[in-house]
file query-v6.txt (compact mmCIF, C-alpha atoms and all ligand atoms)
# COMPACT_ATOMS: atom_id res chain seq x y z
CA MET A 240 11.99 -32.52 40.47
CA THR A 241 10.07 -30.03 38.41
CA ILE A 242 12.03 -27.85 36.10
CA VAL A 243 10.58 -24.51 35.17
CA PRO A 244 12.07 -21.67 33.21
CA SER A 245 13.77 -19.19 35.54
CA SER A 246 11.68 -16.26 34.35
CA VAL A 247 8.56 -17.95 35.73
CA ASN A 248 10.09 -17.84 39.19
CA GLY A 249 9.69 -14.09 39.40
CA ALA A 250 6.42 -12.30 39.76
CA LEU A 251 5.74 -12.20 36.09
CA ASP A 252 2.15 -12.02 35.06
CA PRO A 253 1.58 -13.97 31.88
CA ASP A 254 -1.18 -11.54 30.95
CA ASP A 255 1.09 -8.56 31.25
CA GLU A 256 2.45 -8.62 27.77
CA ASN A 257 5.67 -6.73 28.08
CA GLY A 258 4.23 -3.43 29.02
CA ILE A 259 1.78 -3.37 26.17
CA LYS A 260 -1.75 -2.94 27.34
CA SER A 261 -3.47 -6.25 26.97
CA SER A 262 -6.72 -4.55 26.00
CA SER A 263 -5.08 -2.98 22.98
CA ARG A 264 -3.40 -6.29 22.14
CA LYS A 265 -6.71 -8.08 22.36
CA SER A 266 -8.57 -5.65 20.19
CA LYS A 267 -5.81 -5.84 17.60
CA ALA A 268 -5.48 -9.57 17.67
CA GLY A 269 -9.15 -10.12 17.62
CA SER A 270 -10.19 -7.40 15.24
CA PRO A 271 -11.29 -8.77 11.93
CA ALA A 272 -10.18 -7.10 8.75
CA GLY A 273 -13.27 -4.97 9.26
CA GLY A 274 -15.16 -4.03 6.14
CA ARG A 275 -12.18 -4.73 3.89
CA SER A 276 -13.35 -6.94 1.04
CA GLU A 277 -11.79 -10.40 1.27
CA VAL A 278 -10.40 -9.85 -2.22
CA LEU A 279 -8.11 -7.00 -1.17
CA SER A 280 -7.26 -8.03 2.36
CA ALA A 281 -3.50 -8.44 2.73
CA LYS A 282 -4.15 -11.03 5.44
CA GLU A 283 -3.75 -14.66 4.50
CA ASN A 284 -6.92 -16.71 3.90
CA PRO A 285 -7.20 -20.52 3.53
CA SER A 286 -7.20 -20.35 -0.24
CA ASP A 287 -3.96 -18.27 -0.17
CA ARG A 288 -2.46 -20.88 2.10
CA ARG A 289 -3.26 -23.69 -0.34
CA SER A 290 -1.89 -21.89 -3.37
CA ASP A 291 1.16 -20.65 -1.43
CA LEU A 292 2.48 -24.20 -1.46
CA ASN A 293 3.29 -23.87 -5.16
CA LEU A 294 3.92 -20.15 -5.34
CA ARG A 295 6.52 -19.48 -2.68
CA PRO A 296 9.88 -18.57 -4.23
CA GLN A 297 12.50 -21.29 -3.71
CA SER A 298 15.68 -19.20 -4.02
CA LEU A 299 16.87 -15.62 -3.64
CA ALA A 300 17.03 -15.41 -7.44
CA GLU A 301 13.31 -16.31 -7.65
CA TYR A 302 12.43 -13.76 -4.96
CA ILE A 303 11.38 -10.65 -6.83
CA GLY A 304 11.98 -7.06 -5.62
CA GLN A 305 13.21 -5.84 -2.19
CA GLU A 306 16.56 -5.24 -3.87
CA ARG A 307 18.41 -3.77 -0.91
CA THR A 308 17.34 -6.51 1.49
CA ARG A 309 18.14 -9.17 -1.09
CA ALA A 310 21.61 -7.76 -1.81
CA MET A 311 22.38 -7.62 1.92
CA LEU A 312 21.14 -11.19 2.41
CA GLU A 313 23.08 -12.47 -0.57
CA MET A 314 26.32 -11.17 0.92
CA SER A 315 25.59 -12.35 4.45
CA ILE A 316 24.49 -15.82 3.34
CA ALA A 317 27.63 -16.25 1.22
CA ALA A 318 29.82 -15.09 4.12
CA ALA A 319 28.08 -17.32 6.70
CA LYS A 320 28.31 -20.31 4.36
CA SER A 321 32.00 -19.78 3.71
CA ARG A 322 32.62 -19.70 7.48
CA THR A 323 30.20 -22.64 7.96
CA GLU A 324 28.41 -20.62 10.59
CA ALA A 325 24.73 -19.90 11.22
CA LEU A 326 23.48 -16.60 9.83
CA ASP A 327 22.98 -13.74 12.28
CA HIS A 328 19.45 -13.26 13.65
CA ILE A 329 17.16 -11.25 11.36
CA LEU A 330 14.01 -9.22 11.91
CA PHE A 331 11.70 -8.48 8.97
CA TYR A 332 9.00 -5.91 9.40
CA GLY A 333 6.37 -4.44 7.14
CA PRO A 334 2.69 -4.84 6.21
CA PRO A 335 1.24 -8.33 5.70
CA GLY A 336 1.67 -10.14 2.38
CA LEU A 337 4.96 -8.49 1.38
CA GLY A 338 7.01 -11.69 1.57
CA LYS A 339 8.46 -11.97 5.10
CA THR A 340 7.63 -15.67 5.48
CA SER A 341 8.75 -16.33 1.90
CA LEU A 342 12.07 -14.66 2.60
CA ALA A 343 12.59 -16.75 5.75
CA ASN A 344 11.94 -19.89 3.67
CA VAL A 345 14.35 -18.74 0.98
CA ILE A 346 17.05 -18.07 3.58
CA ALA A 347 16.65 -21.57 5.01
CA ILE A 348 16.82 -23.09 1.52
CA GLU A 349 19.89 -21.03 0.61
CA MET A 350 21.59 -21.97 3.90
CA ARG A 351 20.52 -25.61 3.36
CA ALA A 352 19.05 -25.42 6.84
CA LYS A 353 15.91 -26.85 8.36
CA ILE A 354 13.23 -24.25 9.14
CA HIS A 355 10.93 -24.41 12.18
CA LEU A 356 7.82 -22.26 11.73
CA SER A 357 6.11 -20.73 14.71
CA SER A 358 4.29 -17.58 15.74
CA GLY A 359 4.16 -15.27 18.75
CA PRO A 360 0.61 -16.16 19.84
CA SER A 361 1.30 -19.92 19.68
CA LEU A 362 4.19 -19.65 22.16
CA GLU A 363 1.97 -18.84 25.08
CA ARG A 364 3.36 -21.16 27.75
CA PRO A 365 7.02 -21.51 28.78
CA ARG A 366 6.97 -25.15 27.74
CA ASP A 367 5.96 -24.13 24.20
CA ILE A 368 9.10 -22.11 23.69
CA ILE A 369 11.35 -24.53 25.58
CA GLY A 370 10.03 -27.40 23.46
CA LEU A 371 10.65 -25.42 20.30
CA LEU A 372 14.20 -24.47 21.30
CA HIS A 373 14.98 -28.07 22.19
CA GLN A 374 14.13 -29.26 18.70
CA LEU A 375 16.76 -27.02 17.16
CA GLU A 376 19.87 -28.45 15.58
CA GLU A 377 23.08 -26.73 14.53
CA GLY A 378 22.42 -24.10 11.83
CA ASP A 379 18.59 -24.44 11.89
CA VAL A 380 16.34 -21.47 11.19
CA LEU A 381 13.66 -20.64 13.74
CA PHE A 382 10.96 -18.43 12.21
CA ILE A 383 8.63 -16.62 14.60
CA ASP A 384 5.83 -14.78 12.83
CA GLU A 385 4.01 -11.96 14.66
CA ILE A 386 6.93 -11.83 17.04
CA HIS A 387 5.50 -8.65 18.61
CA ARG A 388 2.83 -10.88 20.17
CA LEU A 389 5.27 -12.96 22.20
CA ASN A 390 4.46 -12.62 25.88
CA ARG A 391 7.04 -11.44 28.37
CA ILE A 392 7.93 -14.89 29.69
CA ALA A 393 8.55 -16.27 26.22
CA GLU A 394 10.55 -13.16 25.33
CA GLU A 395 12.75 -13.47 28.41
CA LEU A 396 13.38 -17.14 27.71
CA LEU A 397 14.40 -16.19 24.23
CA TYR A 398 17.05 -13.61 25.26
CA PRO A 399 19.78 -16.05 26.40
CA ALA A 400 18.83 -18.38 23.56
CA ILE A 401 19.48 -15.64 21.03
CA GLU A 402 22.49 -14.07 22.69
CA ASP A 403 24.36 -16.97 24.25
CA PHE A 404 22.71 -20.00 22.59
CA ALA A 405 21.61 -21.25 25.99
CA ILE A 406 18.44 -21.63 27.96
CA ASP A 407 18.11 -20.92 31.68
CA LEU A 408 15.98 -23.32 33.67
CA THR A 409 15.16 -23.09 37.35
CA ALA A 410 14.65 -26.13 39.60
CA GLY A 411 13.19 -26.23 43.08
CA LYS A 412 11.53 -23.57 45.21
CA GLY A 413 12.52 -20.92 47.74
CA HIS A 414 16.03 -21.37 49.22
CA ALA A 415 16.51 -24.59 47.28
CA THR A 416 16.14 -22.84 43.94
CA ARG A 417 18.85 -23.71 41.45
CA THR A 418 19.32 -22.29 38.00
CA MET A 419 20.73 -24.46 35.26
CA ARG A 420 22.00 -23.21 31.97
CA LEU A 421 21.55 -25.66 29.12
CA PRO A 422 23.47 -25.05 25.92
CA LEU A 423 21.65 -24.83 22.59
CA PRO A 424 23.10 -25.33 19.12
CA ARG A 425 23.83 -22.15 17.13
CA PHE A 426 20.69 -21.30 15.19
CA THR A 427 19.27 -18.33 13.31
CA LEU A 428 16.16 -16.63 14.63
CA ILE A 429 14.09 -14.90 11.96
CA GLY A 430 11.37 -12.72 13.43
CA ALA A 431 8.58 -11.17 11.39
CA THR A 432 6.24 -8.42 12.46
CA THR A 433 3.76 -6.01 10.99
CA LYS A 434 4.22 -3.76 14.04
CA ALA A 435 7.87 -3.07 14.71
CA ALA A 436 6.90 -0.32 17.17
CA MET A 437 5.26 -2.88 19.46
CA LEU A 438 8.50 -4.81 19.83
CA SER A 439 10.46 -4.12 22.99
CA ASN A 440 13.81 -2.41 22.42
CA ALA A 441 15.50 -5.24 24.30
CA LEU A 442 14.25 -7.77 21.75
CA ARG A 443 14.79 -5.57 18.70
CA ASP A 444 18.39 -4.84 19.71
CA ARG A 445 19.21 -8.54 19.74
CA PHE A 446 18.76 -8.91 15.98
CA GLY A 447 21.87 -8.54 13.84
CA PHE A 448 19.82 -7.32 10.88
CA VAL A 449 16.57 -5.37 10.97
CA CYS A 450 15.03 -5.13 7.50
CA ARG A 451 11.96 -3.22 6.51
CA LEU A 452 10.09 -4.70 3.55
CA GLU A 453 8.64 -2.15 1.14
CA PHE A 454 5.53 -2.16 -1.01
CA TYR A 455 6.31 -3.44 -4.52
CA SER A 456 6.40 -1.33 -7.68
CA ILE A 457 4.11 -2.17 -10.60
CA PRO A 458 7.00 -3.61 -12.70
CA GLU A 459 7.97 -5.86 -9.75
CA LEU A 460 4.37 -6.97 -9.24
CA SER A 461 4.09 -7.59 -12.99
CA LYS A 462 6.98 -10.06 -12.71
CA ILE A 463 5.23 -11.77 -9.78
CA VAL A 464 1.90 -11.92 -11.67
CA LYS A 465 3.65 -13.36 -14.72
CA ARG A 466 5.42 -15.97 -12.64
CA THR A 467 2.20 -16.97 -10.86
CA ALA A 468 0.27 -17.16 -14.15
CA GLY A 469 3.04 -19.42 -15.49
CA ILE A 470 2.95 -21.73 -12.45
CA LEU A 471 -0.87 -21.93 -12.62
CA SER A 472 -0.76 -22.48 -16.43
CA ILE A 473 -2.86 -19.40 -17.20
CA GLU A 474 -2.38 -17.77 -20.58
CA MET A 475 -2.06 -14.06 -19.93
CA ASN A 476 -0.72 -11.30 -22.16
CA ASP A 477 1.37 -8.33 -20.97
CA GLN A 478 -1.60 -5.95 -20.78
CA GLY A 479 -3.53 -8.43 -18.64
CA VAL A 480 -0.49 -8.79 -16.38
CA GLU A 481 -0.14 -5.04 -15.97
CA ILE A 482 -3.80 -4.48 -15.10
CA ILE A 483 -3.63 -7.07 -12.34
CA ALA A 484 -0.27 -5.75 -11.07
CA SER A 485 -1.48 -2.16 -10.92
CA ARG A 486 -4.48 -3.12 -8.78
CA ALA A 487 -2.62 -5.33 -6.33
CA ARG A 488 -1.91 -2.62 -3.72
CA GLY A 489 1.83 -3.12 -3.90
CA THR A 490 1.38 -6.55 -2.27
CA PRO A 491 2.38 -9.95 -3.76
CA ARG A 492 -0.23 -11.85 -1.74
CA ILE A 493 -3.00 -9.69 -3.24
CA ALA A 494 -1.43 -9.96 -6.72
CA ASN A 495 -1.53 -13.77 -6.47
CA ARG A 496 -5.11 -13.70 -5.24
CA LEU A 497 -6.21 -11.43 -8.08
CA VAL A 498 -4.56 -13.80 -10.56
CA ARG A 499 -6.62 -16.68 -9.16
CA LEU A 500 -9.85 -14.65 -9.29
CA VAL A 501 -9.21 -13.52 -12.87
CA ARG A 502 -8.46 -17.13 -13.81
CA ASP A 503 -11.83 -18.23 -12.36
CA TYR A 504 -13.62 -15.48 -14.26
CA ALA A 505 -11.84 -16.32 -17.53
CA GLN A 506 -12.66 -20.01 -17.15
CA TYR A 507 -16.29 -19.29 -16.38
CA LYS A 508 -16.59 -16.99 -19.40
CA GLU A 509 -14.55 -19.41 -21.51
CA HIS A 510 -11.83 -16.88 -22.40
CA LYS A 511 -8.69 -18.72 -23.43
CA VAL A 512 -6.33 -15.77 -22.85
CA VAL A 513 -6.41 -13.19 -20.07
CA ASP A 514 -5.96 -9.87 -21.86
CA ALA A 515 -6.60 -6.29 -20.71
CA ASP A 516 -10.38 -6.51 -21.22
CA VAL A 517 -10.78 -9.82 -19.44
CA ALA A 518 -8.64 -8.65 -16.49
CA ARG A 519 -10.42 -5.29 -16.26
CA VAL A 520 -13.96 -6.69 -16.35
CA ALA A 521 -13.05 -9.51 -13.97
CA LEU A 522 -11.63 -7.08 -11.39
CA GLU A 523 -14.57 -4.73 -11.76
CA THR A 524 -16.80 -7.69 -10.92
CA TYR A 525 -14.89 -7.95 -7.65
CA GLN A 526 -15.20 -4.15 -7.10
CA VAL A 527 -11.47 -3.55 -7.33
CA ASP A 528 -10.87 -0.13 -8.91
CA MET A 529 -8.00 1.12 -11.10
CA GLN A 530 -5.75 1.91 -8.13
CA GLY A 531 -6.63 -1.28 -6.27
CA LEU A 532 -9.04 0.51 -3.91
CA ASP A 533 -12.16 -1.30 -2.71
CA PRO A 534 -15.49 0.24 -1.61
CA THR A 535 -14.31 0.73 2.00
CA ASP A 536 -11.17 2.58 0.92
CA ARG A 537 -13.28 4.87 -1.24
CA LYS A 538 -15.77 5.37 1.59
CA LEU A 539 -12.93 6.35 3.94
CA LEU A 540 -11.66 8.91 1.44
CA SER A 541 -15.11 10.35 0.84
CA ILE A 542 -15.76 10.66 4.60
CA LEU A 543 -12.43 12.46 4.97
CA ILE A 544 -13.31 14.81 2.13
CA ASP A 545 -17.09 15.29 2.50
CA THR A 546 -17.59 15.04 6.26
CA TYR A 547 -14.32 16.58 7.42
CA GLY A 548 -13.60 18.99 4.56
CA GLY A 549 -10.42 17.06 3.65
CA GLY A 550 -9.08 17.12 7.22
CA PRO A 551 -7.08 17.34 9.33
CA VAL A 552 -9.12 14.89 11.35
CA GLY A 553 -8.08 12.59 14.19
CA ILE A 554 -7.90 8.86 13.57
CA GLU A 555 -10.55 8.13 16.22
CA ALA A 556 -13.14 10.41 14.62
CA LEU A 557 -12.38 9.08 11.16
CA ALA A 558 -12.65 5.47 12.34
CA ALA A 559 -15.93 6.16 14.18
CA SER A 560 -17.47 7.71 11.06
CA LEU A 561 -16.39 4.67 9.06
CA GLY A 562 -17.78 2.28 11.71
CA GLU A 563 -14.39 0.66 12.29
CA ASP A 564 -11.99 0.62 15.20
CA SER A 565 -9.00 2.90 14.89
CA ASP A 566 -6.53 -0.02 14.89
CA THR A 567 -8.17 -1.46 11.78
CA VAL A 568 -8.08 1.90 10.04
CA GLU A 569 -4.42 2.36 10.98
CA ASP A 570 -3.30 -1.19 10.17
CA VAL A 571 -5.51 -2.25 7.30
CA TYR A 572 -6.64 0.80 5.33
CA GLU A 573 -4.21 3.60 5.92
CA PRO A 574 -0.82 2.15 4.91
CA PHE A 575 -1.80 1.68 1.28
CA LEU A 576 -3.76 4.96 1.06
CA ILE A 577 -0.68 6.74 2.40
CA GLN A 578 1.55 4.79 0.02
CA CYS A 579 -0.69 5.81 -2.91
CA GLY A 580 -0.41 9.43 -1.79
CA PHE A 581 -4.16 9.75 -1.03
CA ILE A 582 -3.80 10.45 2.68
CA GLN A 583 -1.13 12.33 4.54
CA ARG A 584 -0.49 11.89 8.26
CA THR A 585 0.09 15.20 10.01
CA PRO A 586 0.47 16.02 13.70
CA ARG A 587 -3.07 17.47 13.65
CA GLY A 588 -4.62 14.45 11.98
CA ARG A 589 -5.22 12.87 8.60
CA VAL A 590 -5.47 15.06 5.50
CA ALA A 591 -6.79 14.11 2.06
CA THR A 592 -4.39 15.01 -0.75
CA ALA A 593 -5.29 16.47 -4.13
CA ALA A 594 -4.81 12.97 -5.60
CA ALA A 595 -7.57 11.65 -3.32
CA TYR A 596 -9.97 14.37 -4.52
CA GLY A 597 -8.98 13.53 -8.12
CA HIS A 598 -9.52 9.80 -7.58
CA LEU A 599 -13.08 10.42 -6.40
CA GLY A 600 -13.71 12.86 -9.28
CA LYS A 601 -13.79 15.90 -6.97
CA THR A 602 -11.94 19.21 -7.13
CA ALA A 603 -9.44 19.84 -4.34
CA PRO A 604 -9.45 23.16 -2.45
CA HIS A 605 -5.90 23.58 -3.65
CA GLY A 606 -4.53 26.51 -1.63
CA GLN A 607 -5.86 25.17 1.65
CA LEU A 608 -4.48 21.69 1.07
CA THR A 609 -1.02 22.88 0.09
CA LEU A 610 -0.84 25.12 3.15
CA LYS A 611 -1.84 22.27 5.46
CA LEU A 612 0.67 19.87 4.01
CA GLY A 613 3.40 22.47 3.77
CA ASN A 614 3.10 23.40 7.42
CA ASP A 615 2.37 20.14 9.11
CA ALA A 616 3.48 17.21 7.04
CA GLU A 617 5.52 14.75 9.06
CA PRO A 618 8.97 13.99 7.69
P1 LIG A 701 4.16 -12.16 4.73
O1 LIG A 701 4.87 -13.24 5.50
O2 LIG A 701 4.93 -10.88 4.65
O3 LIG A 701 2.74 -11.95 5.18
P2 LIG A 701 4.33 -14.09 2.56
O4 LIG A 701 5.77 -14.40 2.56
O5 LIG A 701 3.41 -15.10 3.16
O6 LIG A 701 4.07 -12.65 3.20
O7 LIG A 701 3.92 -13.78 1.03
C1 LIG A 701 2.63 -14.01 0.51
C2 LIG A 701 2.74 -14.69 -0.85
O8 LIG A 701 3.22 -13.74 -1.79
C3 LIG A 701 3.74 -15.85 -0.90
O9 LIG A 701 3.12 -17.07 -0.85
C4 LIG A 701 4.43 -15.74 -2.21
O10 LIG A 701 3.81 -16.58 -3.15
C5 LIG A 701 4.19 -14.33 -2.64
N1 LIG A 701 5.41 -13.51 -2.57
C6 LIG A 701 5.76 -12.70 -1.55
N2 LIG A 701 6.90 -12.04 -1.83
C7 LIG A 701 7.28 -12.46 -3.05
C8 LIG A 701 8.39 -12.14 -3.88
N3 LIG A 701 9.28 -11.23 -3.50
N4 LIG A 701 8.50 -12.76 -5.06
C9 LIG A 701 7.58 -13.66 -5.45
N5 LIG A 701 6.48 -13.99 -4.71
C10 LIG A 701 6.34 -13.41 -3.53
call {"tool": "encode", "arguments": {"input": "query-v6.txt", "output": "structure tokens", "more": "lines below"}}
Ligand code: ADP
result
Amino acid sequence: MTIVPSSVNGALDPDDENGIKSSSRKSKAGSPAGGRSEVLSAKENPSDRRSDLNLRPQSLAEYIGQERTRAMLEMSIAAAKSRTEALDHILFYGPPGLGKTSLANVIAIEMRAKIHLSSGPSLERPRDIIGLLHQLEEGDVLFIDEIHRLNRIAEELLYPAIEDFAIDLTAGKGHATRTMRLPLPRFTLIGATTKAAMLSNALRDRFGFVCRLEFYSIPELSKIVKRTAGILSIEMNDQGVEIIASRARGTPRIANRLVRLVRDYAQYKEHKVVDADVARVALETYQVDMQGLDPTDRKLLSILIDTYGGGPVGIEALAASLGEDSDTVEDVYEPFLIQCGFIQRTPRGRVATAAAYGHLGKTAPHGQLTLKLGNDAEP
């Protein structure tokens, strides 16, 4: 007797990824970080992965920033522990490198639970997800990174698992088809995504908590830089810390990477202490400017200003001029340029702000810019 998940019995096409055009999925999944310098890419590289082993926070107290999310988690973890129950399912969303995986780890540690790490693209076949669910024990944490990339079959198998702690399996064919419901232990699903909008409503609604992670402030990043320097035994003074923090694009992963690069530079130049000068010169060597912008960010701003008169310009035209696909511009470059206040999204397209002109040493056509933003800025 073969047992297959019941959702496979229907006419589901594994390539039809939950109503999201597979071509767009493919271009996103396959698109490299474009021209983004490796130094400032928020995406994880092998060297990040190695150093992450020592750097990941091990408790909520060690997890810096994201105050609102932390406060909410602190309460919920305490309540779940006092009831000896699994924590409700949680979805974290936000740009890469902000600490979603770290937070999932911290939750498992705080709950004294085992964590199973997985990701949307690796759960391609029904047996992948069934196998994963079968490994779960009472109170375990199941972390699914890039959960927006789960295919429809996997997603449908997950629904009863999340809602009723059960899995529906179908045996036989045609008239002889029988569905069996197998119970699962109570577990906590933690989903992480950089693209909350690509998640189906049905899946999103099944999470008890949906938390958006924010970019970090410079004081928060300074704490992270200090902690990392301490763990890596790097002598760094406060000015050195602040220079690295202010160029880390609001992102802990980049902050940690910059610390490692500055350490290499200091070692090579035989500087015993990383101070402001050492940090500044080291980061200039890697073409990271005062605001944490790299050459491609600056090129994007100058195209917006010089070629399109400061905008508004559509994302497609902007991306074509930059030689990138629009997904890369939207996912990789824009979030931080918007966060810095250099670009504004308006219904008519992207507009460069006065700060962007200032950053490139240009004078903004003030009246025109104010009018555009005043009339069209999205809330
Ligand atoms: P994401 O899953 O959002 O891509 P990660 O959790 O992998 O991000 O974070 C990247 C690295 O940044 C981690 O290894 C960790 O060292 C560091 N980090 C992230 N958030 C924090 C934080 N709040 N406090 C301290 N370090 C952090």
call {"tool": "closest_atom_pairs", "arguments": {"input": "query-v6.txt", "of": "chain A", "to": "ligand LIG 701 (chain A)", "cutoff": "6 Å", "atoms": "only C-alpha atoms and all ligand atoms", "output": "CSV"}}
result
residue,atom,partner,partner_atom,distance
A:Asp291,CA,A:LIG701,O9,4.1
A:Leu294,CA,A:LIG701,O10,4.2
A:Arg295,CA,A:LIG701,O10,4.0
A:Pro296,CA,A:LIG701,C9,5.6
A:Tyr302,CA,A:LIG701,N4,4.1
A:Ile303,CA,A:LIG701,N3,4.0
A:Gly304,CA,A:LIG701,N3,5.4
A:Pro335,CA,A:LIG701,O3,4.0
A:Gly336,CA,A:LIG701,O3,3.5
A:Leu337,CA,A:LIG701,O2,4.1
A:Gly338,CA,A:LIG701,O4,3.1
A:Lys339,CA,A:LIG701,O2,3.7
A:Thr340,CA,A:LIG701,O1,3.7
A:Ser341,CA,A:LIG701,O4,3.6
A:Ile463,CA,A:LIG701,C9,5.3
A:Pro491,CA,A:LIG701,O8,4.4
A:Arg492,CA,A:LIG701,O8,3.9
call {"tool": "atom_distance", "arguments": {"input": "query-v6.txt", "atom1": "CA of Phe581 (chain A)", "atom2": "CA of Gln526 (chain A)"}}
result
18.8 Å
call {"tool": "closest_residue", "arguments": {"input": "query-v6.txt", "among": "A:Leu532, A:Val512, A:Ile470, A:Ile329", "to": "Ile493 (chain A)", "atoms": "all atoms listed in the file"}}
result
A:Leu532
call {"tool": "axis_aligned_box", "arguments": {"input": "query-v6.txt", "around": "region 479-496 of chain A", "padding_each_side": "8 Å", "output": "JSON"}}
result
{"center_x": -1.4, "center_y": -8.0, "center_z": -10.2, "size_x": 23.5, "size_y": 27.6, "size_z": 32.9}
call {"tool": "residues_around", "arguments": {"input": "query-v6.txt", "residues": "region 496-509 of chain A", "least_positions_apart": "2", "cutoff": "8 Å", "atoms": "only C-alpha atoms", "output": "PDB file with C-alpha atoms, in the frame of the given file"}}
result
ATOM      1  CA  VAL A 278     -10.400  -9.850  -2.220  1.00  0.00           C
ATOM      2  CA  ASP A 287      -3.960 -18.270  -0.170  1.00  0.00           C
ATOM      3  CA  VAL A 464       1.900 -11.920 -11.670  1.00  0.00           C
ATOM      4  CA  THR A 467       2.200 -16.970 -10.860  1.00  0.00           C
ATOM      5  CA  ALA A 468       0.270 -17.160 -14.150  1.00  0.00           C
ATOM      6  CA  ILE A 473      -2.860 -19.400 -17.200  1.00  0.00           C
ATOM      7  CA  ILE A 483      -3.630  -7.070 -12.340  1.00  0.00           C
ATOM      8  CA  ALA A 487      -2.620  -5.330  -6.330  1.00  0.00           C
ATOM      9  CA  ARG A 492      -0.230 -11.850  -1.740  1.00  0.00           C
ATOM     10  CA  ILE A 493      -3.000  -9.690  -3.240  1.00  0.00           C
ATOM     11  CA  ALA A 494      -1.430  -9.960  -6.720  1.00  0.00           C
ATOM     12  CA  LYS A 511      -8.690 -18.720 -23.430  1.00  0.00           C
ATOM     13  CA  VAL A 512      -6.330 -15.770 -22.850  1.00  0.00           C
ATOM     14  CA  VAL A 513      -6.410 -13.190 -20.070  1.00  0.00           C
ATOM     15  CA  VAL A 517     -10.780  -9.820 -19.440  1.00  0.00           C
ATOM     16  CA  ALA A 518      -8.640  -8.650 -16.490  1.00  0.00           C
ATOM     17  CA  ALA A 521     -13.050  -9.510 -13.970  1.00  0.00           C
ATOM     18  CA  LEU A 522     -11.630  -7.080 -11.390  1.00  0.00           C
TER      19      LEU A 522
END
call {"tool": "closest_residue", "arguments": {"input": "query-v6.txt", "among": "A:Val590, A:Val527, A:Leu389, A:Val571", "to": "Leu543 (chain A)", "atoms": "all atoms listed in the file"}}
result
A:Val590
call {"tool": "residues_around", "arguments": {"input": "query-v6.txt", "residues": "Leu362 (chain A)", "least_positions_apart": "4", "cutoff": "12 Å", "atoms": "only C-alpha atoms", "output": "ChimeraX atom specification"}}
result
/A:253,356-358,366-372,383-394,396-397
call {"tool": "closest_residue", "arguments": {"input": "query-v6.txt", "among": "A:Ile542, A:Leu471, A:Ile429, A:Leu460", "to": "Ala325 (chain A)", "atoms": "all atoms listed in the file"}}
result
A:Ile429
call {"tool": "atom_distance", "arguments": {"input": "query-v6.txt", "atom1": "CA of Gly600 (chain A)", "atom2": "CA of Glu523 (chain A)"}}
result
17.8 Å
call {"tool": "atom_distance", "arguments": {"input": "query-v6.txt", "atom1": "CA of Gly550 (chain A)", "atom2": "CA of Arg587 (chain A)"}}
result
8.8 Å
call {"tool": "closest_residue", "arguments": {"input": "query-v6.txt", "among": "A:Glu283, A:Asp570, A:Asp536, A:Glu313", "to": "His598 (chain A)", "atoms": "all atoms listed in the file"}}
result
A:Asp536
call {"tool": "residues_near_point", "arguments": {"input": "query-v6.txt", "point": "(21.1, -16.7, 27.5)", "cutoff": "12 Å", "atoms": "all atoms listed in the file", "output": "ChimeraX atom specification"}}
result
/A:244-246,394-408,419-423,445
call {"tool": "write_last_selection", "arguments": {"input": "query-v6.txt", "atoms": "C-alpha atoms", "output": "compact mmCIF listing (two decimals), in the frame of the given file"}}
result
# COMPACT_ATOMS: atom_id res chain seq x y z
CA PRO A 244 12.07 -21.67 33.21
CA SER A 245 13.77 -19.19 35.54
CA SER A 246 11.68 -16.26 34.35
CA GLU A 394 10.55 -13.16 25.33
CA GLU A 395 12.75 -13.47 28.41
CA LEU A 396 13.38 -17.14 27.71
CA LEU A 397 14.40 -16.19 24.23
CA TYR A 398 17.05 -13.61 25.26
CA PRO A 399 19.78 -16.05 26.40
CA ALA A 400 18.83 -18.38 23.56
CA ILE A 401 19.48 -15.64 21.03
CA GLU A 402 22.49 -14.07 22.69
CA ASP A 403 24.36 -16.97 24.25
CA PHE A 404 22.71 -20.00 22.59
CA ALA A 405 21.61 -21.25 25.99
CA ILE A 406 18.44 -21.63 27.96
CA ASP A 407 18.11 -20.92 31.68
CA LEU A 408 15.98 -23.32 33.67
CA MET A 419 20.73 -24.46 35.26
CA ARG A 420 22.00 -23.21 31.97
CA LEU A 421 21.55 -25.66 29.12
CA PRO A 422 23.47 -25.05 25.92
CA LEU A 423 21.65 -24.83 22.59
CA ARG A 445 19.21 -8.54 19.74
call {"tool": "residues_around", "arguments": {"input": "query-v6.txt", "residues": "Thr592 (chain A)", "least_positions_apart": "4", "cutoff": "8 Å", "atoms": "all atoms listed in the file", "output": "JSON, numbers by chain"}}
result
{"A": [549, 580, 581, 582, 583, 596, 603, 608]}
call {"tool": "write_last_selection", "arguments": {"input": "query-v6.txt", "atoms": "C-alpha atoms", "output": "PDB file, in the frame of the given file"}}
result
ATOM      1  CA  GLY A 549     -10.420  17.060   3.650  1.00  0.00           C
ATOM      2  CA  GLY A 580      -0.410   9.430  -1.790  1.00  0.00           C
ATOM      3  CA  PHE A 581      -4.160   9.750  -1.030  1.00  0.00           C
ATOM      4  CA  ILE A 582      -3.800  10.450   2.680  1.00  0.00           C
ATOM      5  CA  GLN A 583      -1.130  12.330   4.540  1.00  0.00           C
ATOM      6  CA  TYR A 596      -9.970  14.370  -4.520  1.00  0.00           C
ATOM      7  CA  ALA A 603      -9.440  19.840  -4.340  1.00  0.00           C
ATOM      8  CA  LEU A 608      -4.480  21.690   1.070  1.00  0.00           C
TER       9      LEU A 608
END
call {"tool": "closest_residue", "arguments": {"input": "query-v6.txt", "among": "A:Arg288, A:Arg364, A:Arg307, A:Arg519", "to": "Cys450 (chain A)", "atoms": "all atoms listed in the file"}}
result
A:Arg307
call {"tool": "closest_residue", "arguments": {"input": "query-v6.txt", "among": "A:Leu375, A:Leu381, A:Leu279, A:Ser485", "to": "Asp533 (chain A)", "atoms": "all atoms listed in the file"}}
result
A:Leu279
